[in-house]
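Trainee: My structure is in upload_14.txt, and what it holds is compact mmCIF, C-alpha atoms and all ligand atoms:
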```txt
# COMPACT_ATOMS: atom_id res chain seq x y z
CA MET A 1 59.69 130.74 -20.78
CA THR A 2 58.08 133.14 -18.29
CA THR A 3 58.82 133.19 -14.58
CA SER A 4 55.83 133.90 -12.34
CA ILE A 5 56.69 136.05 -9.34
CA GLY A 6 54.10 135.75 -6.55
CA VAL A 7 53.81 138.59 -4.04
CA VAL A 8 52.72 137.13 -0.72
CA LYS A 9 50.33 138.83 1.70
CA GLU A 10 52.27 138.98 4.96
CA SER A 11 50.80 136.88 7.76
CA GLU A 12 52.50 138.25 10.86
CA PRO A 13 50.21 140.42 13.02
CA GLY A 14 51.23 144.09 12.79
CA GLU A 15 53.29 143.60 9.62
CA HIS A 16 52.12 146.20 7.08
CA ARG A 17 54.95 145.97 4.54
CA VAL A 18 54.72 144.25 1.19
CA ALA A 19 57.65 142.71 -0.69
CA VAL A 20 56.94 144.18 -4.14
CA VAL A 21 55.44 147.60 -4.89
CA PRO A 22 53.98 148.68 -8.26
CA ALA A 23 56.97 150.94 -9.00
CA VAL A 24 59.32 147.95 -9.50
CA ILE A 25 56.93 145.85 -11.56
CA PRO A 26 58.02 147.26 -14.96
CA ARG A 27 61.57 146.18 -14.05
CA LEU A 28 60.38 142.65 -13.22
CA ARG A 29 58.40 142.48 -16.46
CA ASP A 30 61.55 143.56 -18.35
CA LEU A 31 63.23 140.46 -16.89
CA GLY A 32 60.54 138.41 -18.64
CA CYS A 33 58.51 137.82 -15.47
CA GLU A 34 54.77 137.98 -14.89
CA VAL A 35 53.77 139.27 -11.46
CA LEU A 36 50.93 137.77 -9.45
CA VAL A 37 49.86 139.59 -6.27
CA GLU A 38 47.90 137.93 -3.49
CA ASN A 39 44.67 139.88 -2.98
CA ASP A 40 45.13 142.81 -0.56
CA ALA A 41 48.89 142.13 -0.20
CA GLY A 42 49.67 145.87 -0.45
CA THR A 43 46.76 147.25 1.56
CA GLY A 44 48.85 147.84 4.72
CA ALA A 45 51.22 150.02 2.66
CA PHE A 46 48.30 151.93 1.05
CA LEU A 47 48.69 150.02 -2.21
CA PRO A 48 45.31 148.69 -3.34
CA ASP A 49 45.11 145.81 -5.83
CA SER A 50 44.16 148.37 -8.51
CA ALA A 51 47.61 150.03 -8.18
CA TYR A 52 49.16 146.70 -9.18
CA THR A 53 46.69 146.08 -12.01
CA GLU A 54 47.59 149.48 -13.52
CA VAL A 55 51.19 148.32 -14.10
CA GLY A 56 50.27 144.91 -15.47
CA ALA A 57 50.40 142.73 -12.35
CA VAL A 58 47.56 140.31 -11.68
CA PRO A 59 45.83 140.15 -8.25
CA VAL A 60 44.88 136.55 -7.42
CA ALA A 61 43.55 134.58 -4.46
CA GLY A 62 46.09 132.90 -2.17
CA ALA A 63 45.39 129.37 -3.47
CA GLU A 64 46.16 130.43 -7.06
CA LEU A 65 49.26 132.37 -6.02
CA TYR A 66 50.88 129.42 -4.22
CA GLU A 67 49.94 127.08 -7.06
CA ARG A 68 51.17 129.21 -9.98
CA ALA A 69 54.15 131.21 -8.71
CA ASP A 70 57.67 130.00 -9.50
CA VAL A 71 59.11 132.52 -7.05
CA LEU A 72 57.33 133.73 -3.90
CA ALA A 73 58.47 137.13 -2.56
CA CYS A 74 57.81 137.98 1.07
CA VAL A 75 59.11 140.30 3.79
CA ARG A 76 58.95 138.19 6.97
CA PRO A 77 59.38 134.42 7.45
CA PRO A 78 56.33 132.37 6.40
CA SER A 79 53.89 131.17 9.07
CA GLY A 80 53.21 127.51 9.78
CA ASP A 81 50.03 127.86 7.68
CA GLN A 82 51.86 129.20 4.65
CA VAL A 83 54.56 126.51 4.40
CA PRO A 84 52.18 123.63 3.52
CA ARG A 85 50.82 125.73 0.63
CA MET A 86 54.26 125.89 -1.04
CA ARG A 87 55.35 123.30 -3.55
CA ARG A 88 58.51 121.43 -4.55
CA GLY A 89 60.95 123.53 -6.55
CA GLN A 90 59.26 126.82 -5.65
CA VAL A 91 61.74 129.57 -4.76
CA LEU A 92 61.00 131.68 -1.68
CA VAL A 93 62.81 135.01 -1.20
CA GLY A 94 62.55 137.25 1.86
CA MET A 95 64.12 138.20 5.17
CA LEU A 96 63.66 134.70 6.54
CA GLU A 97 65.73 134.92 9.77
CA PRO A 98 67.15 131.41 9.36
CA LEU A 99 69.00 131.52 12.67
CA ALA A 100 65.82 132.22 14.65
CA ASP A 101 63.70 129.14 13.90
CA PRO A 102 65.53 126.01 12.66
CA ASP A 103 62.26 123.99 12.56
CA LEU A 104 60.85 126.32 9.91
CA PHE A 105 63.83 125.63 7.65
CA ARG A 106 63.59 121.88 8.14
CA ALA A 107 59.90 122.15 7.13
CA LEU A 108 60.78 124.23 4.04
CA ALA A 109 63.53 121.77 3.04
CA GLU A 110 61.17 118.80 3.48
CA ARG A 111 58.66 120.46 1.15
CA GLY A 112 61.43 120.93 -1.42
CA VAL A 113 61.26 124.74 -1.29
CA GLU A 114 64.39 126.61 -2.39
CA ALA A 115 64.64 129.42 0.18
CA VAL A 116 66.79 132.52 -0.29
CA SER A 117 67.25 134.71 2.79
CA LEU A 118 68.28 138.32 2.24
CA ASP A 119 69.43 138.65 5.84
CA LEU A 120 72.47 136.49 5.05
CA LEU A 121 73.68 138.70 2.20
CA PRO A 122 77.42 139.47 2.37
CA ARG A 123 77.27 143.13 3.43
CA THR A 124 80.59 144.31 2.10
CA LEU A 125 80.26 142.90 -1.43
CA SER A 126 79.73 145.99 -3.58
CA ARG A 127 77.66 144.22 -6.26
CA ALA A 128 75.23 143.07 -3.52
CA GLN A 129 74.60 146.53 -2.09
CA SER A 130 71.45 147.13 -4.10
CA MET A 131 70.00 143.94 -2.55
CA ASP A 132 70.89 144.86 1.03
CA ALA A 133 67.52 144.73 2.75
CA LEU A 134 69.05 144.71 6.23
CA THR A 135 70.53 148.10 5.47
CA SER A 136 67.42 149.58 3.89
CA GLN A 137 65.21 148.47 6.77
CA ALA A 138 67.71 149.27 9.57
CA SER A 139 68.12 152.75 8.18
CA ILE A 140 64.36 153.29 8.44
CA ALA A 141 64.31 151.81 11.96
CA GLY A 142 67.08 154.19 13.12
CA TYR A 143 65.31 157.21 11.63
CA LYS A 144 62.02 156.26 13.28
CA ALA A 145 63.70 155.50 16.63
CA ALA A 146 64.94 159.10 16.79
CA LEU A 147 61.42 160.36 16.01
CA VAL A 148 59.89 158.07 18.67
CA ALA A 149 62.42 159.40 21.19
CA ALA A 150 61.76 163.04 20.24
CA ASP A 151 58.02 162.46 20.52
CA ALA A 152 58.32 160.94 24.00
CA TYR A 153 60.76 163.57 25.27
CA GLY A 154 59.01 166.41 27.05
CA ARG A 155 61.37 169.14 25.87
CA TYR A 156 62.82 170.51 22.63
CA PHE A 157 65.57 168.62 20.77
CA PRO A 158 67.11 171.83 19.29
CA MET A 159 68.46 174.81 21.14
CA LEU A 160 65.85 177.54 20.80
CA MET A 161 66.11 181.18 21.73
CA THR A 162 62.67 182.63 22.21
CA ALA A 163 61.11 185.60 23.95
CA ALA A 164 60.28 183.18 26.77
CA GLY A 165 63.95 182.33 27.22
CA THR A 166 66.45 179.84 25.84
CA ALA A 167 65.80 176.10 25.60
CA LYS A 168 68.92 173.98 25.88
CA PRO A 169 69.46 171.34 23.19
CA ALA A 170 68.73 167.73 24.14
CA GLN A 171 71.76 165.53 24.78
CA VAL A 172 71.24 162.32 22.81
CA LEU A 173 73.40 159.19 23.15
CA VAL A 174 73.26 156.47 20.49
CA LEU A 175 74.71 153.11 21.57
CA GLY A 176 75.69 150.86 18.65
CA VAL A 177 76.49 152.78 15.48
CA GLY A 178 75.92 150.35 12.64
CA VAL A 179 73.37 151.24 9.98
CA ALA A 180 70.46 151.93 12.37
CA GLY A 181 72.65 153.85 14.82
CA LEU A 182 74.11 156.11 12.13
CA SER A 183 70.63 156.78 10.83
CA ALA A 184 69.43 157.66 14.35
CA ILE A 185 72.43 159.97 14.81
CA GLY A 186 71.70 161.75 11.52
CA THR A 187 68.03 162.19 12.37
CA ALA A 188 68.63 163.43 15.93
CA ARG A 189 71.21 165.88 14.54
CA ARG A 190 68.76 167.14 11.92
CA LEU A 191 66.27 167.71 14.76
CA GLY A 192 68.89 169.89 16.41
CA ALA A 193 70.01 167.70 19.32
CA GLN A 194 73.61 167.42 20.48
CA VAL A 195 74.48 163.84 19.67
CA THR A 196 77.08 161.40 20.98
CA GLY A 197 77.68 157.90 19.58
CA TYR A 198 79.39 154.82 20.97
CA ASP A 199 80.30 151.39 19.60
CA ILE A 200 82.88 148.71 20.31
CA ARG A 201 84.12 148.60 16.70
CA PRO A 202 86.98 151.14 16.62
CA GLU A 203 86.30 152.14 13.00
CA THR A 204 82.99 153.69 14.08
CA ARG A 205 84.76 156.61 15.78
CA ASP A 206 85.46 158.30 12.41
CA GLU A 207 81.95 157.51 11.17
CA VAL A 208 80.44 159.18 14.25
CA HIS A 209 82.65 162.24 13.80
CA SER A 210 81.78 162.45 10.11
CA MET A 211 78.11 162.78 11.11
CA GLY A 212 78.97 165.82 13.25
CA ALA A 213 78.50 163.88 16.50
CA ARG A 214 80.87 163.22 19.41
CA PHE A 215 82.26 159.80 20.27
CA LEU A 216 81.83 158.52 23.82
CA ASP A 217 85.13 157.27 25.21
CA LEU A 218 84.70 154.57 27.81
CA ALA A 219 87.93 154.03 29.70
CA GLY A 220 88.92 150.41 30.24
CA VAL A 221 86.33 148.90 27.88
CA SER A 222 87.50 146.45 25.18
CA VAL A 223 87.05 147.08 21.50
CA GLY A 224 85.45 144.28 19.54
CA SER A 225 85.52 143.93 15.77
CA GLY A 226 84.48 140.47 14.59
CA GLU A 227 84.04 138.95 11.13
CA GLY A 228 82.39 140.56 8.10
CA GLY A 229 82.33 144.06 9.63
CA TYR A 230 80.18 142.91 12.56
CA ALA A 231 80.98 143.19 16.28
CA ARG A 232 82.22 140.22 18.31
CA ALA A 233 80.46 139.13 21.48
CA LEU A 234 82.18 140.43 24.62
CA SER A 235 83.24 138.06 27.40
CA GLU A 236 81.40 138.23 30.71
CA SER A 237 84.08 140.36 32.36
CA GLU A 238 84.30 142.69 29.34
CA ARG A 239 80.52 143.05 29.41
CA ASP A 240 80.54 143.87 33.14
CA ALA A 241 83.21 146.52 32.58
CA GLN A 242 81.18 148.03 29.74
CA GLN A 243 77.97 148.15 31.81
CA GLU A 244 79.84 149.73 34.70
CA ALA A 245 81.49 152.37 32.48
CA LEU A 246 78.19 153.22 30.79
CA GLN A 247 76.50 153.52 34.15
CA GLN A 248 79.01 156.22 35.10
CA ARG A 249 78.23 158.30 32.01
CA ILE A 250 74.58 157.73 31.16
CA GLY A 251 73.23 160.39 33.54
CA GLU A 252 74.78 163.05 31.26
CA PHE A 253 72.16 162.31 28.58
CA ASP A 254 68.46 163.15 28.19
CA VAL A 255 67.79 160.59 25.50
CA VAL A 256 69.45 157.22 24.85
CA ILE A 257 68.81 155.17 21.70
CA THR A 258 70.29 151.65 21.68
CA THR A 259 70.83 149.61 18.51
CA ALA A 260 73.62 147.12 19.42
CA LEU A 261 73.48 143.64 17.89
CA VAL A 262 75.86 140.72 17.42
CA PRO A 263 74.80 138.30 14.63
CA GLY A 264 73.38 135.00 15.88
CA ARG A 265 73.50 136.06 19.56
CA LYS A 266 71.02 137.61 21.90
CA PRO A 267 71.45 141.39 22.01
CA PRO A 268 74.18 142.55 24.43
CA LEU A 269 72.85 144.10 27.63
CA LEU A 270 74.38 147.57 27.78
CA VAL A 271 72.13 149.55 30.13
CA THR A 272 71.23 147.97 33.46
CA ARG A 273 68.32 148.92 35.69
CA GLU A 274 70.91 150.48 38.03
CA ALA A 275 72.18 152.69 35.19
CA LEU A 276 68.63 153.82 34.37
CA LYS A 277 68.27 155.00 37.95
CA GLY A 278 71.14 157.42 37.31
CA MET A 279 69.18 159.25 34.59
CA ARG A 280 67.27 162.48 35.22
CA PRO A 281 63.44 162.37 35.51
CA GLY A 282 61.93 162.98 32.08
CA SER A 283 64.73 161.16 30.26
CA VAL A 284 63.80 158.77 27.45
CA VAL A 285 65.40 155.48 26.44
CA VAL A 286 64.44 153.76 23.15
CA ASP A 287 65.70 150.19 22.76
CA LEU A 288 65.72 149.25 19.09
CA ALA A 289 67.24 145.87 19.91
CA ALA A 290 64.31 144.81 22.12
CA GLY A 291 63.00 141.46 20.98
CA PRO A 292 61.99 138.02 22.17
CA ARG A 293 65.57 137.31 23.27
CA GLY A 294 65.90 140.49 25.35
CA GLY A 295 67.36 143.84 24.37
CA ASN A 296 70.16 146.31 25.12
CA VAL A 297 68.30 147.71 28.14
CA GLU A 298 67.30 145.72 31.19
CA GLY A 299 63.52 145.28 31.32
CA SER A 300 62.71 146.43 27.78
CA GLU A 301 60.14 144.51 25.74
CA PRO A 302 59.12 145.09 22.12
CA ASP A 303 56.15 147.40 21.65
CA ARG A 304 56.05 148.31 25.32
CA SER A 305 56.56 151.73 26.84
CA VAL A 306 56.97 151.89 30.63
CA LEU A 307 57.64 154.68 33.07
CA ILE A 308 60.19 153.19 35.39
CA ALA A 309 61.25 154.45 38.78
CA ASP A 310 62.28 158.10 38.94
CA GLY A 311 60.41 159.15 35.80
CA VAL A 312 62.54 157.59 33.08
CA ARG A 313 60.51 156.41 30.08
CA LEU A 314 61.75 153.12 28.62
CA ILE A 315 60.41 152.30 25.16
CA GLY A 316 60.99 148.88 23.60
CA ALA A 317 60.78 149.50 19.87
CA GLY A 318 58.70 147.00 17.95
CA ASN A 319 58.67 146.61 14.19
CA LEU A 320 59.54 150.23 13.32
CA PRO A 321 59.97 149.64 9.55
CA SER A 322 56.38 148.35 9.48
CA SER A 323 55.25 151.63 11.05
CA MET A 324 56.57 153.31 7.87
CA ALA A 325 55.19 150.63 5.57
CA PRO A 326 54.95 152.70 2.33
CA GLY A 327 58.57 153.92 2.51
CA ALA A 328 59.96 150.67 3.91
CA SER A 329 58.15 148.58 1.26
CA ALA A 330 59.41 150.84 -1.55
CA ALA A 331 63.03 150.39 -0.41
CA TYR A 332 62.63 146.66 0.23
CA ALA A 333 60.98 146.12 -3.17
CA ARG A 334 64.05 147.65 -4.85
CA ASN A 335 66.24 145.19 -2.91
CA ILE A 336 64.01 142.29 -4.00
CA ALA A 337 63.99 143.46 -7.64
CA ALA A 338 67.82 143.62 -7.61
CA LEU A 339 67.99 140.07 -6.21
CA LEU A 340 65.52 138.79 -8.80
CA ALA A 341 67.53 140.45 -11.59
CA HIS A 342 70.46 138.38 -10.30
CA LEU A 343 68.41 135.17 -9.99
CA VAL A 344 66.34 135.05 -13.13
CA ARG A 345 68.34 133.95 -16.17
CA ASP A 346 66.81 133.29 -19.61
CA GLY A 347 63.32 133.44 -18.12
CA ALA A 348 63.87 130.99 -15.24
CA PRO A 349 65.16 131.30 -11.65
CA ARG A 350 68.62 129.73 -11.31
CA LEU A 351 70.18 129.12 -7.90
CA ASP A 352 73.85 128.87 -8.80
CA LEU A 353 75.51 127.87 -5.52
CA ASP A 354 78.96 128.74 -6.89
CA ASP A 355 77.88 132.37 -6.99
CA GLU A 356 79.09 134.26 -3.91
CA ILE A 357 75.76 135.98 -3.26
CA LEU A 358 73.66 132.84 -3.63
CA ALA A 359 76.15 130.63 -1.78
CA ALA A 360 75.57 132.85 1.26
CA THR A 361 71.82 133.42 0.96
CA VAL A 362 70.34 130.09 -0.23
CA VAL A 363 69.24 128.44 3.01
CA THR A 364 67.33 125.40 1.72
CA SER A 365 68.07 123.61 -1.52
CA GLY A 366 67.51 120.11 -2.92
CA GLY A 367 65.70 119.07 0.27
CA GLN A 368 68.61 120.12 2.53
CA VAL A 369 69.03 122.96 4.99
CA ARG A 370 72.26 124.79 4.15
CA ILE A 371 72.87 127.84 6.31
CA GLY A 372 76.27 129.47 5.90
CA GLY A 373 77.16 127.58 2.75
CA GLY A 374 76.99 123.89 3.78
CA ALA A 375 74.23 121.25 3.91
CA ARG A 376 72.97 120.40 7.43
P1 LIG B 401 74.39 145.20 13.60
O1 LIG B 401 72.95 145.51 13.42
O2 LIG B 401 74.83 143.78 13.62
O3 LIG B 401 74.89 145.86 14.99
C1 LIG B 401 74.66 147.22 15.27
C2 LIG B 401 75.87 147.80 15.94
O4 LIG B 401 75.98 147.33 17.28
C3 LIG B 401 77.20 147.46 15.26
O5 LIG B 401 77.82 148.64 14.84
C4 LIG B 401 77.97 146.74 16.34
O6 LIG B 401 79.36 147.00 16.28
C5 LIG B 401 77.35 147.30 17.60
N1 LIG B 401 77.58 146.52 18.82
C6 LIG B 401 77.51 145.17 19.01
N2 LIG B 401 77.81 144.85 20.28
C7 LIG B 401 78.06 146.01 20.93
C8 LIG B 401 78.40 146.34 22.27
N3 LIG B 401 78.56 145.41 23.19
N4 LIG B 401 78.59 147.64 22.57
C9 LIG B 401 78.45 148.62 21.64
N5 LIG B 401 78.10 148.37 20.35
C10 LIG B 401 77.91 147.08 20.00
O7 LIG B 401 75.26 146.00 12.56
P2 LIG B 401 74.84 146.52 11.12
O8 LIG B 401 74.21 147.84 11.25
O9 LIG B 401 74.09 145.45 10.40
O10 LIG B 401 76.26 146.73 10.47
C11 LIG B 401 77.18 145.65 10.45
C12 LIG B 401 78.36 145.97 9.60
O11 LIG B 401 78.02 145.91 8.24
C13 LIG B 401 78.96 147.35 9.84
O12 LIG B 401 80.36 147.20 9.79
C14 LIG B 401 78.48 148.13 8.67
O13 LIG B 401 79.35 149.21 8.37
C15 LIG B 401 78.57 147.05 7.63
N6 LIG B 401 77.80 147.37 6.45
C16 LIG B 401 78.49 147.53 5.31
C17 LIG B 401 77.81 147.85 4.17
C18 LIG B 401 78.55 148.05 2.93
O14 LIG B 401 79.76 147.98 2.91
N7 LIG B 401 77.88 148.27 1.88
C19 LIG B 401 76.44 147.97 4.19
C20 LIG B 401 75.76 147.77 5.38
C21 LIG B 401 76.46 147.47 6.52
```
Show me the file's structure as structure tokens.

Mentor:
Amino acid sequence: MTTSIGVVKESEPGEHRVAVVPAVIPRLRDLGCEVLVENDAGTGAFLPDSAYTEVGAVPVAGAELYERADVLACVRPPSGDQVPRMRRGQVLVGMLEPLADPDLFRALAERGVEAVSLDLLPRTLSRAQSMDALTSQASIAGYKAALVAADAYGRYFPMLMTAAGTAKPAQVLVLGVGVAGLSAIGTARRLGAQVTGYDIRPETRDEVHSMGARFLDLAGVSVGSGEGGYARALSESERDAQQEALQQRIGEFDVVITTALVPGRKPPLLVTREALKGMRPGSVVVDLAAGPRGGNVEGSEPDRSVLIADGVRLIGAGNLPSSMAPGASAAYARNIAALLAHLVRDGAPRLDLDDEILAATVVTSGGQVRIGGGAR
């Protein structure tokens, strides 16, 4: 028996990534799979159909892909137009954001699609690390956020001694030091800035120090580790205290990069408009958490850069991994290939719900929506 893997052409505007790149196709073929690629699926990542043909994959039109594939691989959640093309028993794997749009998952369950969402992968399970797409993509987003900030900043990041005098190093503050934050710290350090990190999970202090950065101590602000290594949401009074304490310190920095998230919640508001007013003209703030539900910085919106009062540039990051589509797709494709190696057994996809990885990531099965392990 041969499993057909179908590589979907992403439908979301501005999404240039592709779920499977030619480099992983030999591995998928070794699993006994044939790989079908929707025409032009890789174009946004500079991967023409011919690059797939060279490694034995078969470019096909969308209608054929949805009809023949046993497993559909995607990056972003499917659009309303794509769902009706899927068929009963078809497996869909991707970063499906099941907490963002419950209607989509009801529609997938009604069609009998078996959906596997990589964003629900247990992060601390060592055998799942090779499948951790949140990590691979957040790491790229953090790297790019530091570059976006350096590009917008009107001075050097490193200290430079030149014949024309000495340039002071930029002071960079990274708020939220999970995967993206640590990546932003590393990148800003490599560019020569003096970097400070801050997070409410106490264990991040050592991680920040190990990157050669300082940790920002905020007196009187609660610490907040939650479940699974994630942060907990702060209460209203804790949040007010945090905003107040940050406001006191933020004027010390030239560049602020924010990456704070709490799973299933809107991003915590860390930097108020009042705090921005305390920054020096020419300072830059990049909000990686900016999204439809708000961000870490008051007034930030995805893909929007505004010069607010007193010359502070506020940049709401959009889909930064898509802006590095070749690299982001290569990393994501390795995550997908690792998941498929786990899924495909004796030539067929098997969704064993007793398996810890699949119990967490299968979000529709047997016509039911089951997010977090139970049918809903
Ligand atoms: P995330 O994207 O959910 O959040 C980003 C950061 O924001 C987190 O560090 C969080 O603590 C912080 N944050 C939330 N609210 C905040 C607030 N009010 N103020 C300041 N900071 C705030 O996190 P992530 O990057 O996905 O990482 C989540 C966890 O998963 C971390 O513990 C990370 O170490 C862990 N992880 C483990 C592995 C592994 O073991 N292999 C791999 C990846 C991630």

Trainee: May I ask which of the residues A:Arg87, A:Gly6, A:Gln247, A:Met95 is the closest one to Ala109 of chain A, counting only C-alpha atoms?

Mentor: A:Arg87

Trainee: Could I get the residue neighbourhood of ligand LIG 401 (chain B) at 9 Å, counting all atoms listed in the file, as an MDAnalysis selection string?

Mentor: chainID A and resid 122:126 128:130 132 134:136 138:139 175:182 198:204 223:226 228:234 238:239 242 258:263 267:270 289 296

Trainee: If you count only C-alpha atoms, which residues fall within 12 Å of Asp352 of chain A, apart from same-chain ones fewer than 2 positions away, as number ranges by chain?

Mentor: A: 114, 116, 342-345, 349-350, 354-362, 365

Trainee: What's the 12 Å shell around Ala150 of chain A, counting all atoms listed in the file, without same-chain residues fewer than 6 positions away, as a list in words?

Mentor: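 My list of contacting residues is Tyr143, Lys144, Tyr156, Phe157, Pro158, Pro169, Ala170, Gln171, Val172, Ala184, Thr187, Ala188, Arg189, Arg190, Leu191, Gly192, Ala193, Asp254, Val255, Val256, Ile257, Gly282, Ser283, Val284, Val285, Val286, Arg313 and Ile315 of chain A.
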
Trainee: Can you work out the spacing between atom CA of Gly291 of chain A and atom CA of Pro84 of chain A in Å, to one decimal?

Mentor: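 Atom CA of Pro84 of chain A lies at a distance of 27.2 Å from atom CA of Gly291 of chain A.
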
Trainee: Can you measure atom CA of Glu38 of chain A to atom CA of Gly318 of chain A for me? One decimal in Å is fine.

Mentor: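 Interatomic distance, atom CA of Glu38 of chain A to atom CA of Gly318 of chain A: 25.7 Å.
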